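Below is final-v3.tsv, holding TSV, C-alpha atoms and all ligand atoms.
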```
chain	number	residue	atom	x	y	z
A	1	MET	CA	-20.46	-6.37	5.63
A	2	ASN	CA	-20.14	-9.88	4.30
A	3	ILE	CA	-16.67	-11.05	5.36
A	4	GLN	CA	-16.06	-12.36	1.85
A	5	GLN	CA	-16.22	-8.79	0.55
A	6	LEU	CA	-13.62	-7.48	2.99
A	7	GLY	CA	-10.44	-6.87	1.03
A	8	LEU	CA	-11.83	-8.26	-2.21
A	9	LYS	CA	-10.59	-5.15	-4.05
A	10	PRO	CA	-7.78	-2.72	-3.15
A	11	PRO	CA	-9.10	-0.50	-0.33
A	12	LEU	CA	-9.58	3.20	-1.13
A	13	GLY	CA	-9.34	5.99	1.42
A	14	TRP	CA	-7.46	8.84	3.05
A	15	ASN	CA	-4.72	8.63	5.68
A	16	SER	CA	-3.46	11.41	7.97
A	17	TRP	CA	0.26	10.55	7.92
A	18	ASN	CA	1.80	11.99	4.76
A	19	THR	CA	0.68	15.55	5.35
A	20	PHE	CA	-0.10	15.84	9.06
A	21	THR	CA	2.10	13.20	10.81
A	22	TRP	CA	1.85	14.09	14.56
A	23	ASP	CA	-0.37	17.17	14.07
A	24	ILE	CA	-3.77	15.44	14.07
A	25	ASN	CA	-7.04	16.04	15.88
A	26	GLU	CA	-10.72	15.13	15.65
A	27	GLN	CA	-11.66	18.31	13.79
A	28	LEU	CA	-9.24	17.45	10.98
A	29	ILE	CA	-10.53	13.89	10.76
A	30	ARG	CA	-14.14	15.06	10.66
A	31	GLU	CA	-13.33	17.57	7.93
A	32	ALA	CA	-11.61	14.85	5.90
A	33	ALA	CA	-14.83	12.80	6.12
A	34	ASP	CA	-16.93	15.84	5.19
A	35	THR	CA	-14.70	16.46	2.18
A	36	PHE	CA	-15.04	12.85	1.04
A	37	VAL	CA	-18.79	13.35	0.84
A	38	ALA	CA	-18.91	16.95	-0.44
A	39	GLU	CA	-16.21	16.68	-3.12
A	40	GLY	CA	-17.21	13.38	-4.72
A	41	TYR	CA	-14.55	11.08	-3.25
A	42	LYS	CA	-17.16	8.89	-1.58
A	43	ASP	CA	-19.18	8.64	-4.81
A	44	ALA	CA	-15.98	7.63	-6.64
A	45	GLY	CA	-15.49	4.72	-4.19
A	46	TYR	CA	-13.14	6.15	-1.54
A	47	GLU	CA	-14.28	4.73	1.75
A	48	TYR	CA	-11.79	4.66	4.63
A	49	ILE	CA	-10.75	7.64	6.76
A	50	VAL	CA	-7.61	6.48	8.56
A	51	ILE	CA	-5.82	8.01	11.55
A	52	ASP	CA	-2.16	7.00	11.45
A	53	ASP	CA	0.44	7.21	14.23
A	54	CYS	CA	0.43	9.70	17.17
A	55	TRP	CA	-3.23	9.42	18.23
A	56	SER	CA	-2.76	7.98	21.75
A	57	LEU	CA	-1.19	8.98	25.01
A	58	LYS	CA	2.38	7.79	25.59
A	59	GLU	CA	1.22	5.36	28.33
A	60	ARG	CA	-1.56	2.80	28.60
A	61	ASP	CA	-4.05	3.18	31.47
A	62	THR	CA	-3.92	1.10	34.67
A	63	GLU	CA	-5.90	-1.70	32.98
A	64	GLY	CA	-3.42	-1.78	30.11
A	65	ASN	CA	-5.75	-0.12	27.60
A	66	LEU	CA	-4.63	2.32	24.95
A	67	VAL	CA	-5.92	5.83	25.63
A	68	ALA	CA	-6.81	8.32	22.90
A	69	ASP	CA	-5.05	11.65	23.52
A	70	PRO	CA	-7.79	13.79	25.11
A	71	GLU	CA	-6.33	17.01	23.77
A	72	LYS	CA	-6.35	15.81	20.17
A	73	PHE	CA	-9.54	13.76	20.45
A	74	PRO	CA	-11.64	15.29	23.27
A	75	SER	CA	-14.85	13.53	22.16
A	76	GLY	CA	-13.14	10.14	22.08
A	77	MET	CA	-12.72	7.58	19.32
A	78	LYS	CA	-16.19	6.07	19.58
A	79	ALA	CA	-17.80	9.44	18.85
A	80	LEU	CA	-15.43	9.98	15.95
A	81	ALA	CA	-16.21	6.54	14.54
A	82	ASP	CA	-19.93	7.27	14.87
A	83	TYR	CA	-19.48	10.54	12.98
A	84	ILE	CA	-17.57	8.85	10.16
A	85	HIS	CA	-20.15	6.06	9.98
A	86	SER	CA	-22.97	8.63	9.86
A	87	LYS	CA	-21.41	9.85	6.60
A	88	GLY	CA	-21.54	6.33	5.15
A	89	LEU	CA	-17.75	5.99	5.46
A	90	LYS	CA	-15.42	3.67	7.37
A	91	PHE	CA	-12.95	4.41	10.12
A	92	GLY	CA	-9.35	3.23	10.24
A	93	MET	CA	-6.78	3.37	13.01
A	94	TYR	CA	-3.13	2.47	13.52
A	95	SER	CA	-0.97	0.36	15.81
A	96	CYS	CA	2.26	-1.61	15.62
A	97	VAL	CA	3.56	-5.17	16.13
A	98	GLY	CA	6.25	-3.90	18.49
A	99	THR	CA	6.33	-2.47	21.97
A	100	HIS	CA	6.07	1.01	20.44
A	101	THR	CA	4.88	2.62	17.26
A	102	CYS	CA	7.40	4.19	14.93
A	103	ALA	CA	6.76	7.59	16.55
A	104	GLY	CA	7.20	6.14	20.05
A	105	TYR	CA	3.60	5.62	21.23
A	106	PRO	CA	2.51	2.30	22.78
A	107	GLY	CA	2.44	-0.62	20.31
A	108	SER	CA	0.33	-3.76	20.55
A	109	PHE	CA	3.03	-6.33	21.35
A	110	GLU	CA	1.49	-8.77	23.86
A	111	HIS	CA	-1.65	-6.64	23.96
A	112	GLU	CA	-3.04	-7.89	20.64
A	113	PHE	CA	-6.33	-9.34	21.87
A	114	GLN	CA	-6.97	-6.49	24.30
A	115	ASP	CA	-6.32	-3.87	21.64
A	116	ALA	CA	-8.43	-5.63	19.01
A	117	ALA	CA	-11.34	-5.71	21.47
A	118	LEU	CA	-10.94	-2.01	22.21
A	119	LEU	CA	-10.79	-1.08	18.52
A	120	ALA	CA	-13.91	-3.17	17.89
A	121	ALA	CA	-15.72	-1.44	20.78
A	122	TRP	CA	-14.83	1.96	19.29
A	123	GLY	CA	-16.22	0.91	15.90
A	124	VAL	CA	-12.98	0.71	13.97
A	125	ASP	CA	-13.15	-0.82	10.45
A	126	LEU	CA	-9.46	-0.95	9.45
A	127	LEU	CA	-6.23	-1.45	11.37
A	128	LYS	CA	-2.92	-0.39	9.87
A	129	TYR	CA	-0.26	-2.43	11.67
A	130	ASP	CA	3.33	-1.17	11.55
A	131	TYR	CA	6.70	-2.88	12.17
A	132	CYS	CA	8.80	-0.71	14.51
A	133	PHE	CA	10.20	-1.87	17.88
A	134	LYS	CA	9.63	-5.54	17.08
A	135	PRO	CA	11.40	-7.81	19.56
A	136	ARG	CA	14.20	-9.54	17.64
A	137	HIS	CA	13.47	-12.99	19.09
A	138	ILE	CA	9.97	-13.23	17.57
A	139	SER	CA	9.25	-13.36	13.85
A	140	GLY	CA	7.12	-10.78	12.13
A	141	GLU	CA	5.17	-13.61	10.61
A	142	LEU	CA	4.04	-14.78	14.04
A	143	LEU	CA	3.14	-11.28	15.19
A	144	TYR	CA	1.03	-10.50	12.12
A	145	LYS	CA	-0.71	-13.84	12.54
A	146	ARG	CA	-1.34	-13.10	16.20
A	147	MET	CA	-3.01	-9.77	15.50
A	148	SER	CA	-4.92	-11.27	12.59
A	149	LEU	CA	-6.29	-13.93	14.94
A	150	ALA	CA	-7.23	-11.22	17.44
A	151	LEU	CA	-9.05	-9.22	14.77
A	152	LYS	CA	-10.87	-12.24	13.42
A	153	ASN	CA	-12.13	-12.98	16.94
A	154	CYS	CA	-13.01	-9.44	18.05
A	155	GLY	CA	-16.61	-9.59	16.85
A	156	ARG	CA	-16.25	-6.92	14.16
A	157	ASP	CA	-15.15	-6.99	10.52
A	158	ILE	CA	-11.86	-5.12	10.60
A	159	LEU	CA	-9.77	-4.83	7.48
A	160	PHE	CA	-6.18	-5.73	8.32
A	161	SER	CA	-3.55	-3.51	6.71
A	162	ALA	CA	-0.07	-4.91	7.38
A	163	CYS	CA	2.89	-2.56	7.09
A	164	ASN	CA	6.31	-4.22	7.30
A	165	TRP	CA	7.83	-2.37	4.34
A	166	GLY	CA	8.43	-5.50	2.23
A	167	GLU	CA	10.93	-6.86	4.75
A	168	ASP	CA	11.61	-10.41	5.98
A	169	ASN	CA	10.32	-12.10	2.83
A	170	VAL	CA	6.81	-10.88	3.59
A	171	TYR	CA	5.70	-11.97	0.11
A	172	HIS	CA	6.02	-15.61	1.17
A	173	TRP	CA	3.90	-15.56	4.30
A	174	ILE	CA	1.63	-12.52	4.45
A	175	ARG	CA	-1.29	-13.92	2.46
A	176	GLU	CA	-1.82	-16.80	4.89
A	177	SER	CA	-1.74	-14.38	7.84
A	178	GLY	CA	-5.11	-13.02	6.78
A	179	ALA	CA	-3.89	-9.47	6.07
A	180	HIS	CA	-6.03	-7.85	3.36
A	181	MET	CA	-3.26	-5.53	2.20
A	182	TYR	CA	0.40	-5.29	3.02
A	183	ARG	CA	3.10	-2.70	2.49
A	184	SER	CA	5.62	-4.03	0.04
A	185	THR	CA	7.80	-0.95	-0.11
A	186	GLU	CA	9.72	1.42	2.10
A	187	ASP	CA	8.00	4.72	2.99
A	188	ILE	CA	7.08	6.98	0.12
A	189	GLN	CA	8.32	10.56	-0.05
A	190	ASP	CA	6.80	13.45	-1.93
A	191	SER	CA	9.39	13.32	-4.70
A	192	TRP	CA	9.74	11.89	-8.20
A	193	GLU	CA	12.83	9.91	-7.12
A	194	SER	CA	10.81	8.13	-4.45
A	195	ILE	CA	7.89	7.35	-6.77
A	196	LYS	CA	10.30	5.95	-9.34
A	197	LYS	CA	12.28	3.91	-6.82
A	198	LEU	CA	9.17	2.33	-5.29
A	199	THR	CA	7.78	1.54	-8.74
A	200	LEU	CA	10.94	-0.14	-10.03
A	201	SER	CA	11.12	-2.23	-6.85
A	202	GLN	CA	7.65	-3.64	-7.54
A	203	LEU	CA	7.84	-4.54	-11.22
A	204	ASP	CA	8.59	-8.19	-10.47
A	205	LYS	CA	5.86	-8.48	-7.82
A	206	ALA	CA	2.82	-8.95	-10.06
A	207	SER	CA	2.31	-12.50	-8.85
A	208	THR	CA	2.23	-11.46	-5.18
A	209	THR	CA	-0.84	-9.23	-5.34
A	210	GLY	CA	-4.47	-10.16	-5.80
A	211	SER	CA	-7.94	-10.35	-4.31
A	212	TYR	CA	-8.04	-10.35	-0.50
A	213	CYS	CA	-4.33	-9.58	-0.10
A	214	HIS	CA	-3.18	-6.53	-2.04
A	215	ASN	CA	0.39	-5.43	-2.47
A	216	ASP	CA	0.45	-1.88	-0.99
A	217	MET	CA	2.94	0.54	-2.56
A	218	ASP	CA	2.27	3.12	0.20
A	219	MET	CA	0.02	6.11	0.44
A	220	LEU	CA	-0.40	8.55	-2.41
A	221	VAL	CA	1.51	11.80	-2.47
A	222	VAL	CA	-0.68	13.20	-5.28
A	223	GLY	CA	-1.42	16.87	-4.61
A	224	MET	CA	0.99	17.36	-1.73
A	225	TYR	CA	3.33	19.76	-3.56
A	226	GLY	CA	5.81	19.53	-0.68
A	227	GLY	CA	3.10	20.32	1.87
A	228	SER	CA	3.94	17.83	4.62
A	229	ASN	CA	4.80	19.01	8.10
A	230	SER	CA	7.51	16.32	8.24
A	231	SER	CA	10.87	16.28	6.53
A	232	PHE	CA	10.59	12.46	6.39
A	233	ILE	CA	7.83	12.75	3.83
A	234	GLY	CA	8.94	15.79	1.96
A	235	ASN	CA	8.54	19.27	3.34
A	236	GLN	CA	12.14	19.90	2.34
A	237	ILE	CA	11.85	18.14	-1.00
A	238	GLY	CA	9.36	20.34	-2.78
A	239	GLY	CA	6.94	17.84	-4.21
A	240	CYS	CA	6.30	16.80	-7.80
A	241	SER	CA	4.91	18.23	-11.02
A	242	ASP	CA	1.32	17.53	-12.04
A	243	ALA	CA	2.51	15.12	-14.74
A	244	GLU	CA	4.54	13.22	-12.14
A	245	TYR	CA	1.53	12.98	-9.81
A	246	LYS	CA	-0.56	11.73	-12.74
A	247	THR	CA	2.06	9.06	-13.52
A	248	HIS	CA	2.27	8.10	-9.84
A	249	PHE	CA	-1.52	7.62	-9.65
A	250	SER	CA	-1.53	5.67	-12.92
A	251	LEU	CA	1.18	3.31	-11.67
A	252	TRP	CA	-0.61	2.66	-8.38
A	253	CYS	CA	-3.89	2.02	-10.23
A	254	MET	CA	-2.33	-0.28	-12.81
A	255	MET	CA	-0.35	-2.22	-10.21
A	256	GLY	CA	-3.42	-2.79	-8.04
A	257	SER	CA	-2.17	-0.92	-4.98
A	258	PRO	CA	-4.63	0.27	-2.36
A	259	LEU	CA	-5.16	4.01	-2.89
A	260	MET	CA	-4.84	5.93	0.36
A	261	ILE	CA	-4.80	9.66	-0.35
A	262	GLY	CA	-2.11	11.43	1.66
A	263	SER	CA	-2.65	15.08	0.75
A	264	ASP	CA	-4.83	17.69	2.46
A	265	ILE	CA	-8.00	17.02	0.48
A	266	ARG	CA	-9.75	19.98	2.10
A	267	SER	CA	-7.69	22.32	-0.06
A	268	ALA	CA	-7.08	20.17	-3.15
A	269	ASN	CA	-6.78	22.05	-6.44
A	270	GLN	CA	-8.67	21.01	-9.58
A	271	VAL	CA	-5.74	19.07	-11.06
A	272	THR	CA	-5.44	16.99	-7.89
A	273	LYS	CA	-9.17	16.25	-7.91
A	274	ASP	CA	-9.09	15.31	-11.59
A	275	ILE	CA	-6.29	12.85	-10.87
A	276	LEU	CA	-7.74	11.28	-7.73
A	277	LEU	CA	-11.27	11.11	-9.14
A	278	ASN	CA	-10.38	9.73	-12.59
A	279	LYS	CA	-13.13	7.13	-12.99
A	280	ASP	CA	-11.40	5.27	-15.83
A	281	LEU	CA	-8.27	4.77	-13.73
A	282	LEU	CA	-10.24	3.87	-10.61
A	283	ALA	CA	-12.16	1.26	-12.62
A	284	ILE	CA	-8.85	-0.36	-13.57
A	285	ASN	CA	-7.67	-0.34	-9.96
A	286	GLN	CA	-11.01	-1.67	-8.72
A	287	ASP	CA	-11.40	-4.34	-11.39
A	288	ALA	CA	-13.32	-7.36	-10.07
A	289	GLU	CA	-10.43	-9.80	-10.54
A	290	SER	CA	-7.54	-7.71	-9.10
A	291	ARG	CA	-4.94	-9.29	-11.36
A	292	GLY	CA	-1.40	-8.05	-11.07
A	293	ALA	CA	0.03	-6.07	-13.99
A	294	TYR	CA	2.87	-7.65	-15.95
A	295	ARG	CA	5.68	-5.71	-17.55
A	296	ILE	CA	6.59	-5.65	-21.23
A	297	LYS	CA	9.83	-4.13	-22.41
A	298	PRO	CA	9.29	-1.98	-25.51
A	299	GLU	CA	10.98	-2.56	-28.83
A	300	PRO	CA	13.68	-1.94	-29.84
A	301	GLN	CA	15.05	-3.08	-26.51
A	302	TRP	CA	18.54	-1.66	-27.01
A	303	PHE	CA	16.98	1.82	-27.18
A	304	HIS	CA	15.41	1.71	-23.74
A	305	THR	CA	16.50	1.47	-20.11
A	306	ASP	CA	14.45	-0.05	-17.29
A	307	ASP	CA	12.85	3.39	-16.93
A	308	VAL	CA	10.69	2.87	-20.00
A	309	PHE	CA	8.17	0.03	-19.96
A	310	MET	CA	4.59	-1.03	-20.47
A	311	LEU	CA	2.31	-2.60	-17.91
A	312	VAL	CA	-0.58	-4.84	-18.90
A	313	LYS	CA	-3.43	-5.77	-16.60
A	314	VAL	CA	-6.03	-8.24	-17.79
A	315	LEU	CA	-9.46	-7.02	-16.73
A	316	ALA	CA	-12.47	-9.08	-15.73
A	317	ASP	CA	-14.45	-8.26	-18.90
A	318	GLY	CA	-11.57	-9.34	-21.15
A	319	ASP	CA	-10.34	-5.81	-21.86
A	320	LEU	CA	-6.67	-5.06	-21.35
A	321	ALA	CA	-5.51	-2.05	-19.40
A	322	ILE	CA	-2.19	-1.01	-20.92
A	323	GLY	CA	0.09	1.62	-19.45
A	324	PHE	CA	2.93	3.18	-21.46
A	325	PHE	CA	5.30	4.58	-18.84
A	326	ASN	CA	8.23	6.86	-19.47
A	327	LEU	CA	10.10	7.35	-16.18
A	328	SER	CA	13.19	8.52	-18.05
A	329	ASP	CA	14.24	12.16	-18.37
A	330	GLY	CA	13.67	12.47	-22.13
A	331	GLN	CA	10.74	12.03	-24.49
A	332	ARG	CA	10.34	8.45	-25.82
A	333	GLU	CA	8.41	6.55	-28.43
A	334	ILE	CA	7.15	3.41	-26.71
A	335	SER	CA	6.28	0.64	-29.13
A	336	LEU	CA	3.88	-2.10	-28.13
A	337	GLN	CA	4.09	-5.03	-30.53
A	338	PHE	CA	0.75	-6.79	-30.26
A	339	TRP	CA	2.43	-10.21	-30.28
A	340	ASP	CA	3.45	-9.33	-26.72
A	341	VAL	CA	-0.23	-9.44	-25.70
A	342	GLY	CA	-0.91	-12.55	-27.78
A	343	LEU	CA	-2.18	-10.82	-30.92
A	344	PRO	CA	0.29	-11.13	-33.80
A	345	TYR	CA	-0.85	-9.81	-37.18
A	346	ALA	CA	-1.74	-13.37	-38.20
A	347	SER	CA	-4.37	-13.54	-35.46
A	348	GLY	CA	-6.52	-11.26	-37.59
A	349	LYS	CA	-7.45	-9.29	-34.46
A	350	SER	CA	-7.16	-5.61	-33.73
A	351	LEU	CA	-7.24	-3.54	-30.57
A	352	SER	CA	-9.61	-0.66	-30.15
A	353	LEU	CA	-7.92	1.81	-27.81
A	354	TYR	CA	-9.50	4.26	-25.37
A	355	ASP	CA	-7.43	6.96	-23.62
A	356	CYS	CA	-8.11	6.86	-19.87
A	357	TRP	CA	-6.76	10.39	-19.21
A	358	GLU	CA	-8.30	12.18	-22.20
A	359	HIS	CA	-11.46	10.06	-21.84
A	360	LYS	CA	-11.83	9.45	-25.54
A	361	GLU	CA	-11.35	6.78	-28.19
A	362	ILE	CA	-7.96	6.77	-29.90
A	363	GLY	CA	-8.73	4.38	-32.75
A	364	VAL	CA	-8.36	0.78	-33.92
A	365	PHE	CA	-4.88	-0.66	-34.44
A	366	LYS	CA	-3.36	-3.84	-35.87
A	367	GLU	CA	0.05	-5.33	-35.07
A	368	ARG	CA	1.47	-2.35	-33.14
A	369	TYR	CA	0.80	0.91	-31.35
A	370	ALA	CA	3.65	3.31	-30.61
A	371	PRO	CA	2.76	6.53	-28.77
A	372	VAL	CA	5.32	9.23	-28.02
A	373	VAL	CA	5.36	9.85	-24.28
A	374	ALA	CA	6.92	12.89	-22.61
A	375	ALA	CA	9.49	12.54	-19.81
A	376	HIS	CA	7.99	11.41	-16.46
A	377	ASP	CA	4.63	11.01	-18.16
A	378	CYS	CA	2.42	8.12	-19.22
A	379	LEU	CA	-0.45	7.05	-21.43
A	380	ILE	CA	-3.04	4.63	-20.09
A	381	VAL	CA	-5.35	2.92	-22.54
A	382	ARG	CA	-8.18	0.47	-22.18
A	383	ALA	CA	-7.94	-1.96	-25.09
A	384	LYS	CA	-10.82	-3.98	-26.50
A	385	LEU	CA	-10.33	-6.88	-28.85
A	386	VAL	CA	-12.14	-6.32	-32.15
B	1	LIG	C1	6.14	3.94	9.35
B	1	LIG	C2	5.10	3.63	8.28
B	1	LIG	C3	4.46	4.92	7.80
B	1	LIG	C4	3.82	5.65	8.98
B	1	LIG	C5	4.85	5.88	10.08
B	1	LIG	C6	4.22	6.39	11.34
B	1	LIG	O1	7.22	4.67	8.86
B	1	LIG	O2	5.68	2.94	7.21
B	1	LIG	O3	3.50	4.66	6.80
B	1	LIG	O4	2.74	4.87	9.45
B	1	LIG	O5	5.54	4.68	10.41
B	1	LIG	O6	5.15	6.59	12.36
```

Let's see the structure in the file written out as structure tokens.
Amino acid sequence: MNIQQLGLKPPLGWNSWNTFTWDINEQLIREAADTFVAEGYKDAGYEYIVIDDCWSLKERDTEGNLVADPEKFPSGMKALADYIHSKGLKFGMYSCVGTHTCAGYPGSFEHEFQDAALLAAWGVDLLKYDYCFKPRHISGELLYKRMSLALKNCGRDILFSACNWGEDNVYHWIRESGAHMYRSTEDIQDSWESIKKLTLSQLDKASTTGSYCHNDMDMLVVGMYGGSNSSFIGNQIGGCSDAEYKTHFSLWCMMGSPLMIGSDIRSANQVTKDILLNKDLLAINQDAESRGAYRIKPEPQWFHTDDVFMLVKVLADGDLAIGFFNLSDGQREISLQFWDVGLPYASGKSLSLYDCWEHKEIGVFKERYAPVVAAHDCLIVRAKLV
């Protein structure tokens, strides 16, 4: 791949963590890749199959190399990478800036160049790089730069996915580290409260995301329905409603987050597939210019809390993607005054609106559009100037 393409748009894929945490093996990973091809995820643009934490033995070998757990991965990582590549997909793995990963496996601290070389030899295409067990005397900025340097010199194009949970002012230094995406939030849980909390924490971050360095709001919980094997993610929480998953996906698409599916796609129901494979939403997320979405507060402002807002993302062809989000617990009318997108009545211009969930034209409007949106739901339109 041309290095200039790496990270140009928010990466799309699947990651083992949310549902499977420690309970991973090569059969599962192969089946995830098979599902990507068979169920249309690959055709929709999903590309990376990522193994998260818990893949290695607890100790390095005598040469200091990481060792894939032979019980979980008896054929080894190179064979797994070859299998994923044979499907036309890409292979992602996980390590950590510290001495250990968050689950207590060896991290890459002071092994950065050795580990990058090993990952390259296995055929890895993405490295997710976590933040646990970081020595206090060294800055995260330095450690992300050190691994970035190692990856850029390992002889293989490896997409660098930083994961320091938005800590230590990461917004100010991550782009120059060479990371292609970076976690800007704490860990997601399979609950509406978590989706809402992460979203509200990112509304002022539109200027910190863009091509080649995407603000990552964490992996998707769409379709999990409480089905994680870990209480950290949500097996004791019970999951979300379909409308909440739809709103979650819409927010992540509008806000330009990488989309890493976290559910068991092998058994996804039709609603989950319709959400994850929504081509109109994916086109917004994958827009060529990767502009951040800015927030507009609806009128009348006294009527709304921070839970009700619009997001506007300017698309490469001049269209506007507009999301009407109602995160509150009651139904709301959400009024967009077109002066807020630069089109007062006096401009003489109208907006032709297309509904990205119903996949149909809504109509042509002047001056204002004010849909009624149910609690925890949203409306996403693509607006053309006419
Ligand atoms: C951290 C990360 C998660 C996941 C776990 C693995 O919590 O933020 O995304 O990778 O570690 O232990």

What is the CA of Leu119 in chain A to CA of Tyr171 in chain A distance in Å?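 CA of Tyr171 in chain A lies at a distance of 27.0 Å from CA of Leu119 in chain A.
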
Taking all atoms listed in the file into account, which residues have an atom no farther than 8 Å from ligand LIG 1 (chain B)? I'd like them as a PyMOL selection string. chain A and resi 17-18+21+52-54+94+101-104+128+130-132+163-165+183+186-188+218-219

Please determine the residues with any atom at most 10 Å from (-16.1, 2.5, 7.0) (coordinates as given in the file, with all atoms listed in the file counting) and report them as a count of residues only. 24

One decimal, in Å: what's the spacing between CA of Leu57 in chain A and CA of Glu31 in chain A?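 Going from CA of Leu57 in chain A over to CA of Glu31 in chain A, I get 22.6 Å.
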
Extract, using all atoms listed in the file, all DNA, RNA and protein residues at most 7 Å from range 4-9 of chain A, discarding same-chain residues fewer than 6 positions from it, and format them as a list of chain:residue names. A:Leu159, A:His180, A:Ser211, A:Tyr212, A:Cys213, A:Gln286, A:Ala288, A:Ser290

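Between CA of Asp157 in chain A and CA of Phe36 in chain A there is a distance of 22.0 Å.
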
For Lys134 in chain A, find every residue with an atom within 12 Å (counting all atoms listed in the file), except residues of its own chain fewer than 3 positions away, and show them as a compact mmCIF listing (two decimals) with C-alpha atoms, keeping the file's coordinate frame.
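Written output follows (result_4.txt):
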```
# COMPACT_ATOMS: atom_id res chain seq x y z
CA CYS A 96 2.26 -1.61 15.62
CA VAL A 97 3.56 -5.17 16.13
CA GLY A 98 6.25 -3.90 18.49
CA THR A 99 6.33 -2.47 21.97
CA HIS A 100 6.07 1.01 20.44
CA THR A 101 4.88 2.62 17.26
CA CYS A 102 7.40 4.19 14.93
CA GLY A 107 2.44 -0.62 20.31
CA SER A 108 0.33 -3.76 20.55
CA PHE A 109 3.03 -6.33 21.35
CA GLU A 110 1.49 -8.77 23.86
CA TYR A 129 -0.26 -2.43 11.67
CA ASP A 130 3.33 -1.17 11.55
CA TYR A 131 6.70 -2.88 12.17
CA HIS A 137 13.47 -12.99 19.09
CA ILE A 138 9.97 -13.23 17.57
CA SER A 139 9.25 -13.36 13.85
CA GLY A 140 7.12 -10.78 12.13
CA GLU A 141 5.17 -13.61 10.61
CA LEU A 142 4.04 -14.78 14.04
CA LEU A 143 3.14 -11.28 15.19
CA TYR A 144 1.03 -10.50 12.12
CA ASN A 164 6.31 -4.22 7.30
```

Find, counting only C-alpha atoms, the residue in A:Ile174, A:Ala44, A:Ala243, A:Val37 that gets nearest to Lys279 in chain A. A:Ala44

Could you check which of A:Gly342, A:Gly292, A:Gly166, A:Gly178 is closest to Leu198 in chain A, using all atoms listed in the file?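 Going through A:Gly342, A:Gly292, A:Gly166, A:Gly178 one by one, the smallest distance to Leu198 in chain A is for A:Gly166.
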
Just want the 8 Å neighbourhood of Asn215 in chain A, counted on all atoms listed in the file, with same-chain residues fewer than 2 positions away dropped. Output as a VMD selection string. chain A and resid 181 to 184 208 to 210 213 217 256 to 258

Resulting file, chosen residues, C-alpha atoms, as a JSON list (two decimals), keeping the file's coordinate frame:
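Wrote out-v4.json, looks like this:
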```
[["chain", "number", "residue", "atom", "x", "y", "z"],
["A", 181, "MET", "CA", -3.26, -5.53, 2.20],
["A", 182, "TYR", "CA", 0.40, -5.29, 3.02],
["A", 183, "ARG", "CA", 3.10, -2.70, 2.49],
["A", 184, "SER", "CA", 5.62, -4.03, 0.04],
["A", 208, "THR", "CA", 2.23, -11.46, -5.18],
["A", 209, "THR", "CA", -0.84, -9.23, -5.34],
["A", 210, "GLY", "CA", -4.47, -10.16, -5.80],
["A", 213, "CYS", "CA", -4.33, -9.58, -0.10],
["A", 217, "MET", "CA", 2.94, 0.54, -2.56],
["A", 256, "GLY", "CA", -3.42, -2.79, -8.04],
["A", 257, "SER", "CA", -2.17, -0.92, -4.98],
["A", 258, "PRO", "CA", -4.63, 0.27, -2.36]]
```

Extending 5 Å beyond the listed atoms of range 313-322 of chain A on each side, what axis-aligned box results? I want centre and edge lengths in Å to one decimal, as JSON.
```
{"center_x": -8.3, "center_y": -5.2, "center_z": -18.8, "size_x": 22.3, "size_y": 18.3, "size_z": 16.1}
```
